[in-house]
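Working notes for the structure below.
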Amino acid sequence: MTLPTWVPLPPQTGFPVENLPYGVATHGERPAHVVTRIGDFVVSLGALAMNGLLDGTIEEPAAYFAIGTLNPFMALGAPAWAAVRTRLTELFTEPERRKAVEPLLVPLADVVLYLPFQVADYVDFYSSEDHATNLGHIFRPDGEPLLPNWKHLPIGYHGRSGTVVPSGTPIVRPSGQRKAPTDAEPRFGPSVRLDIEAEVGFVVGTPSPLGHGVGVEDFQEHVFGVVLVNDWSARDIQAWEYVPLGPFLGKSFATSVSPWVVPLAALEDARIAPPYQDPVPLPYLQGETWGYNIVMEVKLNGSTVSTPPFAGLYWTPAQQLAHMTVNGASLRTGDFYASGTVSGPLPEQRGSLIELTWNGTEPLALADGSTRTFLVDGDTVAIGGVAPGPNGSRIGFGEVVGTIQSAVRQPEL
């Protein structure tokens, strides 16, 4: 049984009192402010603070919540996160609190949600062995699917923070150079192999100083919460440009993020042992570390096309953070890193179209009778996810949604 709450909840909700994610929203004429969600209601933490309901959690709570970003609150660190979460749980479970809090409930349908945090830096990893193996078989059919370094370190690259966008933002088809194997020379134009990447992202709250790495044991002291991610990919642009330095324009045009940041504390019961790692990682990647039992769902125009399991990721979030900083790179509040495409061992668990259609050779059938190899203009992709929570609850993440728009006409180049 989930914790009893006086708030009416839909059956099997992903947003019980055990979740209480954070977001940023507007309601009517009110400017953007920090909110939480319970069931199908949104509650302004700014309003709670101004009514004295968060007194005693942090100093001057209104200064952190009556604003349009989570960054100042995230920077306060784990003790502050725990204090506010404890108070929110009390407000929604103690009957005597109902009279003060109930007037502040707003239906989810009446608010507009925004990117919940200001992105400082963005890193994307490549941590699913199933995904990496599938791509290895596609692009190196006669060779080893994994490159020699893959099981020694979490492979990743630094992305573009300025193009991390909130769920619902239209995705304009990118243009760039592309060269098919049959082309004598590269040509310029809109991508014709536009793809998705179903990922899970981790948002940094507590910074770290330059020159000091963050160990795997310090993961919970620095990471504030978890979001869902669609890291859109122009496969044809990427294929031509990525040798020898890796992803660039084929990845930097847009990365979509879900509107709710689920606190790590809500995912304690979703912890799971990671896959066995062979060879044994170097010492800085060893220690207590875990994955999360998050099952994702990818929908294309309403058709479920994949259910990627995050639990199977080879490299864990704590190992990713440790590797990201082992060279002395500092963390900033609002840093954001994503898992890389999440894929499982089964065909229906592949987290990208390049895998689902085996590089376009096996078109994907949708419920409306159409087929896809890669995305066409007008397609809408929605990625959701759910994890087990305490007391038998379900922890939902909401959805990250994007619709493809036609490429912007470019001057003759």
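Naming scheme: A, B, ... for chains in displayed order of the structure tokens; residues 1 onward per chain; ligands 1 onward as shown.
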*asked:* Taking 2 positions as the minimum chain separation for residues in the same chain, which residues sit within 9 Å of range 32-43 of chain A when counting only C-alpha atoms? Answer as a ChimeraX atom specification.
replied: /A:7-10,13-17,19-27,30,45-48,64-70,88,92,101,104-109,111-114,116,260
*asked:* Need the shell around range 298-309 of chain A: protein/DNA/RNA residues with any atom at most 10 Å away, counting only C-alpha atoms. Skip same-chain ones fewer than 5 positions apart. Format as a ChimeraX atom specification?
replied: /A:128,196-199,230,292-293,341-353,356,364-368,372,375,378-385,399-401,403
Export, as a PDB file, in the first residue's frame, the selected residues with C-alpha atoms.
```
ATOM      1  CA  SER A 128      24.267   0.270 -23.046  1.00  0.00           C
ATOM      2  CA  ILE A 196      15.615   9.151 -31.701  1.00  0.00           C
ATOM      3  CA  GLU A 197      17.673   8.038 -28.723  1.00  0.00           C
ATOM      4  CA  ALA A 198      15.733   6.971 -25.622  1.00  0.00           C
ATOM      5  CA  GLU A 199      17.874   7.908 -22.625  1.00  0.00           C
ATOM      6  CA  ASN A 230      15.371  12.066 -26.212  1.00  0.00           C
ATOM      7  CA  TYR A 292      17.936   1.698 -11.580  1.00  0.00           C
ATOM      8  CA  ASN A 293      15.022  -0.515 -12.573  1.00  0.00           C
ATOM      9  CA  THR A 341      20.671   5.147 -25.870  1.00  0.00           C
ATOM     10  CA  VAL A 342      19.016   2.545 -23.639  1.00  0.00           C
ATOM     11  CA  SER A 343      18.515  -0.792 -25.393  1.00  0.00           C
ATOM     12  CA  GLY A 344      17.845  -4.294 -24.158  1.00  0.00           C
ATOM     13  CA  PRO A 345      18.670  -7.743 -25.570  1.00  0.00           C
ATOM     14  CA  LEU A 346      15.301  -8.195 -27.306  1.00  0.00           C
ATOM     15  CA  PRO A 347      14.350  -6.559 -30.632  1.00  0.00           C
ATOM     16  CA  GLU A 348      11.380  -4.805 -29.015  1.00  0.00           C
ATOM     17  CA  GLN A 349      13.707  -3.248 -26.411  1.00  0.00           C
ATOM     18  CA  ARG A 350      15.866  -1.255 -28.810  1.00  0.00           C
ATOM     19  CA  GLY A 351      15.963   2.452 -28.013  1.00  0.00           C
ATOM     20  CA  SER A 352      16.629   3.923 -31.462  1.00  0.00           C
ATOM     21  CA  LEU A 353      15.198   3.580 -34.957  1.00  0.00           C
ATOM     22  CA  LEU A 356      14.632  -1.094 -34.571  1.00  0.00           C
ATOM     23  CA  LEU A 364       8.892  -0.607 -38.673  1.00  0.00           C
ATOM     24  CA  ALA A 365       5.099  -1.098 -38.931  1.00  0.00           C
ATOM     25  CA  LEU A 366       2.902   1.403 -37.051  1.00  0.00           C
ATOM     26  CA  ALA A 367      -0.688   0.961 -35.871  1.00  0.00           C
ATOM     27  CA  ASP A 368      -2.052   3.232 -38.609  1.00  0.00           C
ATOM     28  CA  ARG A 372       9.051   3.948 -40.900  1.00  0.00           C
ATOM     29  CA  LEU A 375      11.450   9.953 -38.869  1.00  0.00           C
ATOM     30  CA  GLY A 378       5.026  15.558 -38.613  1.00  0.00           C
ATOM     31  CA  ASP A 379       6.031  12.487 -36.604  1.00  0.00           C
ATOM     32  CA  THR A 380       5.578  12.784 -32.834  1.00  0.00           C
ATOM     33  CA  VAL A 381       7.786  10.794 -30.471  1.00  0.00           C
ATOM     34  CA  ALA A 382       6.854  10.378 -26.791  1.00  0.00           C
ATOM     35  CA  ILE A 383       9.130   8.609 -24.298  1.00  0.00           C
ATOM     36  CA  GLY A 384       7.793   7.670 -20.864  1.00  0.00           C
ATOM     37  CA  GLY A 385       9.107   5.624 -17.988  1.00  0.00           C
ATOM     38  CA  GLU A 399       6.855  11.979 -20.895  1.00  0.00           C
ATOM     39  CA  VAL A 400       9.394  13.735 -23.062  1.00  0.00           C
ATOM     40  CA  VAL A 401       7.660  14.628 -26.328  1.00  0.00           C
ATOM     41  CA  THR A 403       7.256  16.616 -33.063  1.00  0.00           C
TER      42      THR A 403
END
```
*Option closest in space to Gly201 in chain A, from A:Trp6, A:Ser233, A:Thr316, A:Arg140 [counting only C-alpha atoms]*: A:Thr316
*How many Å separate CA of Gly389 in chain A from CA of Trp315 in chain A?*
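Those two atoms sit 22.4 Å apart.
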*Quick one: residues within 12 Å of Leu147 in chain A, only C-alpha atoms counted, chain neighbours fewer than 3 positions away excluded, as an MDAnalysis selection string?*
chainID A and resid 129 132:133 135:137 139:140 143:144 150:153 155
*Determine, counting only C-alpha atoms, which protein, DNA and RNA residues have an atom within 7 Å of an atom of range 50-58 of chain A; residues of the same chain fewer than 6 positions away are not included. Present the result as a count of residues only.*
4
*Between CA of Pro209 in chain A and CA of Asp231 in chain A, measure the distance and give it in Å to one decimal.*
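Separation between CA of Pro209 in chain A and CA of Asp231 in chain A: 28.3 Å.
Distance-wise, CA of Val216 in chain A and CA of Ser393 in chain A end up 27.8 Å apart.
Closest approach to Asp195 in chain A from the set A:Ile237, A:Ala62, A:Val119, A:Val261 is made by A:Ile237, with distances taken over only C-alpha atoms.
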